[in-house]
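The next block is entry_18.csv, given as CSV, C-alpha atoms.
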chain,number,residue,atom,x,y,z
A,198,MET,CA,-98.6,73.8,-60.0
A,199,ARG,CA,-100.7,71.7,-57.7
A,200,THR,CA,-101.8,73.4,-54.5
A,201,THR,CA,-102.6,71.7,-51.2
A,202,ILE,CA,-104.6,74.5,-49.6
A,203,ASN,CA,-107.7,72.3,-49.0
A,204,GLU,CA,-105.8,69.3,-47.7
A,205,PRO,CA,-105.5,68.8,-44.0
A,206,LEU,CA,-102.1,69.3,-42.4
A,207,PRO,CA,-100.4,66.1,-41.2
A,208,ASP,CA,-100.2,65.5,-37.5
A,209,LYS,CA,-96.8,65.5,-35.7
A,210,GLU,CA,-96.3,61.8,-36.0
A,211,GLU,CA,-96.9,61.9,-39.7
A,212,CYS,CA,-94.6,64.8,-40.1
A,213,THR,CA,-91.8,63.1,-38.1
A,214,SER,CA,-92.1,59.9,-40.2
A,215,SER,CA,-92.2,61.8,-43.5
A,216,LEU,CA,-89.2,63.9,-42.5
A,217,LYS,CA,-87.2,60.7,-41.6
A,218,ASN,CA,-88.1,59.1,-44.9
A,219,ALA,CA,-87.2,62.2,-46.9
A,220,LEU,CA,-83.9,62.6,-45.1
A,221,ASP,CA,-83.1,58.9,-45.7
A,222,ALA,CA,-83.8,59.4,-49.4
A,223,LEU,CA,-81.8,62.5,-49.6
A,224,SER,CA,-78.8,60.9,-47.9
A,225,VAL,CA,-78.4,58.4,-50.7
A,226,ILE,CA,-79.3,60.6,-53.7
A,227,ASN,CA,-77.8,63.8,-52.4
A,228,GLY,CA,-75.2,65.7,-54.4
A,229,ARG,CA,-74.9,67.5,-57.7
A,230,TRP,CA,-74.2,64.4,-59.8
A,231,LYS,CA,-76.0,61.4,-58.4
A,232,LEU,CA,-79.4,61.8,-60.2
A,233,ALA,CA,-77.7,62.9,-63.4
A,234,LEU,CA,-75.5,59.8,-63.3
A,235,ILE,CA,-78.5,57.5,-62.7
A,236,LEU,CA,-80.3,59.1,-65.6
A,237,CYS,CA,-77.1,58.8,-67.8
A,238,LEU,CA,-76.9,55.1,-67.0
A,239,MET,CA,-80.7,54.5,-67.4
A,240,GLN,CA,-80.3,55.4,-71.1
A,241,SER,CA,-77.6,52.7,-71.6
A,242,SER,CA,-74.7,51.0,-70.0
A,243,LYS,CA,-71.4,52.9,-70.3
A,244,ARG,CA,-67.7,52.8,-69.7
A,245,PHE,CA,-66.1,55.3,-67.3
A,246,SER,CA,-64.8,57.4,-70.2
A,247,GLU,CA,-68.2,57.5,-71.9
A,248,ILE,CA,-69.8,58.7,-68.7
A,249,GLN,CA,-67.2,61.3,-68.2
A,250,HIS,CA,-67.6,62.5,-71.8
A,251,GLU,CA,-71.4,62.8,-71.3
A,252,MET,CA,-71.2,64.4,-67.9
A,253,THR,CA,-69.2,67.5,-68.7
A,254,GLY,CA,-67.8,69.3,-65.7
A,255,ILE,CA,-67.3,66.4,-63.4
A,256,SER,CA,-63.7,65.4,-62.5
A,257,SER,CA,-62.4,61.9,-62.7
A,258,ARG,CA,-62.0,61.7,-58.9
A,259,ILE,CA,-65.5,62.9,-58.2
A,260,LEU,CA,-67.0,60.6,-60.8
A,261,ALA,CA,-65.2,57.6,-59.3
A,262,LYS,CA,-66.5,58.6,-55.8
A,263,GLU,CA,-70.1,59.1,-57.0
A,264,LEU,CA,-70.1,55.8,-59.0
A,265,LYS,CA,-68.8,53.9,-55.9
A,266,GLU,CA,-71.5,55.4,-53.7
A,267,LEU,CA,-74.2,54.6,-56.2
A,268,GLU,CA,-72.9,51.1,-56.4
A,269,LEU,CA,-72.9,50.7,-52.6
A,270,ASN,CA,-76.5,51.8,-52.5
A,271,ASP,CA,-77.5,49.4,-55.4
A,272,PHE,CA,-78.4,52.1,-57.9
A,273,ILE,CA,-75.8,50.9,-60.4
A,274,LYS,CA,-73.9,47.7,-61.1
A,275,ARG,CA,-70.3,47.5,-62.1
A,276,HIS,CA,-69.2,44.7,-64.5
A,277,VAL,CA,-65.5,44.0,-64.9
A,278,TYR,CA,-64.4,42.1,-68.0
A,279,PRO,CA,-61.0,40.4,-68.1
A,280,THR,CA,-59.8,42.0,-71.4
A,281,THR,CA,-56.5,43.7,-72.0
A,282,PRO,CA,-56.8,46.4,-70.8
A,283,VAL,CA,-59.6,45.6,-68.3
A,284,THR,CA,-63.1,46.7,-69.5
A,285,ILE,CA,-65.5,48.0,-66.8
A,286,ILE,CA,-69.1,48.7,-67.7
A,287,TYR,CA,-71.5,50.5,-65.5
A,288,GLU,CA,-75.3,50.0,-65.7
A,289,ALA,CA,-78.4,51.1,-63.9
A,290,THR,CA,-80.1,48.5,-61.7
A,291,GLY,CA,-83.8,47.8,-61.4
A,292,TYR,CA,-83.7,49.6,-58.1
A,293,SER,CA,-82.5,52.8,-59.7
A,294,ARG,CA,-85.4,52.6,-62.1
A,295,SER,CA,-87.7,52.9,-59.0
A,296,LEU,CA,-86.6,56.6,-59.0
A,297,LYS,CA,-88.2,57.2,-62.4
A,298,GLY,CA,-91.4,58.8,-60.9
A,299,LEU,CA,-89.4,60.9,-58.5
A,300,ILE,CA,-87.1,62.2,-61.2
A,301,GLY,CA,-90.2,63.0,-63.4
A,302,GLU,CA,-91.7,65.0,-60.5
A,303,LEU,CA,-88.4,66.8,-59.8
A,304,SER,CA,-88.1,67.6,-63.5
A,305,ALA,CA,-91.7,69.0,-63.7
A,306,TRP,CA,-91.2,71.1,-60.6
A,307,GLY,CA,-87.8,72.3,-61.9
A,308,GLY,CA,-89.5,73.4,-65.1
A,309,GLN,CA,-92.2,75.3,-63.2
A,310,HIS,CA,-89.6,76.9,-60.9
A,311,ARG,CA,-87.5,78.0,-63.9
A,312,GLU,CA,-90.6,79.6,-65.5
A,313,LYS,CA,-91.4,81.3,-62.2
A,314,ILE,CA,-87.9,82.8,-62.1
A,315,ARG,CA,-88.1,84.0,-65.7
A,316,GLN,CA,-91.4,85.7,-65.0
A,317,SER,CA,-90.0,87.3,-61.9
A,318,MET,CA,-87.0,88.6,-63.9
A,319,ARG,CA,-89.3,90.0,-66.6
A,320,LYS,CA,-91.3,91.9,-63.9
A,321,GLN,CA,-88.0,93.4,-62.6
A,322,SER,CA,-86.9,94.6,-66.0
Write the structure described by the file as structure tokens, please.
Amino acid sequence: MRTTINEPLPDKEECTSSLKNALDALSVINGRWKLALILCLMQSSKRFSEIQHEMTGISSRILAKELKELELNDFIKRHVYPTTPVTIIYEATGYSRSLKGLIGELSAWGGQHREKIRQSMRKQS
């Protein structure tokens, strides 16, 4: 894990600005399902039922709510096709792909954290 011991601490203005930016980011990707949904749709475009099948544990109501919020924030696009019955396809936008680096960093940190927890549990045994 990268350490920042030798890096100077940011001043108050930089901290305030960074905090505002971080809170803005968290307000749109906050929640248990949003990043997972974005990743799901980055792989390929899907129908609602396909997403629900892939995202085990999410209810239809929560899935619909999360998809709507992601669409409002331009992370996904919803395409409605006039078939019988109506076909709706969800896909990731270019904007959602801008999260790729962040998701990679979160994944790396999560792996390090999981390993730290495992080591801590071994020491307790």
For this session: Rank nothing, just name the residue among A:Ser295, A:Ser304, A:Gln321, A:Thr290 nearest to Ser242 in chain A, using all atoms listed in the file.
Result: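 Using all atoms listed in the file, Ser242 in chain A sits closest to A:Thr290.
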Report as CSV the residues of range 199-235 of chain A within 12 Å of range 270-283 of chain A, each with its shortest atom pair and distance in Å (one decimal), using only C-alpha atoms, ordered by chain and increasing residue number.
residue,atom,partner,partner_atom,distance
A:Asp221,CA,A:Asn270,CA,11.8
A:Ala222,CA,A:Asn270,CA,11.0
A:Ser224,CA,A:Asn270,CA,10.5
A:Val225,CA,A:Asn270,CA,7.1
A:Ile226,CA,A:Asn270,CA,9.3
A:Lys231,CA,A:Phe272,CA,9.6
A:Leu232,CA,A:Phe272,CA,10.0
A:Leu234,CA,A:Ile273,CA,9.4
A:Ile235,CA,A:Phe272,CA,7.2
For this session: Find, counting all atoms listed in the file, the residue in A:Leu216, A:Leu267, A:Ala233, A:Ala305 that gets nearest to Tyr292 in chain A.
Result: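 Answer, going by the shortest atom-to-atom distance: A:Leu267.
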For this session: Just give me the residues with any atom within 8 Å of (-69.6, 65.6, -56.5), file coordinates, counting all atoms listed in the file, written as a ChimeraX atom specification.
Result: /A:228-231,255,259-260,262-263
For this session: Go ahead and compute the interatomic distance for CA of Met252 in chain A and CA of Gly307 in chain A, in Å to one decimal.
Result: 19.3 Å
Exercise. Closest to Leu238 in chain A among A:Leu264, A:Ile314, A:Leu269, A:Cys212, using all atoms listed in the file?
Worked result: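 That would be A:Leu264, the residue with the smallest distance to Leu238 in chain A.
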Seminar exercise, completed: Here CA of Lys243 in chain A and CA of Ala289 in chain A stand apart by 9.7 Å
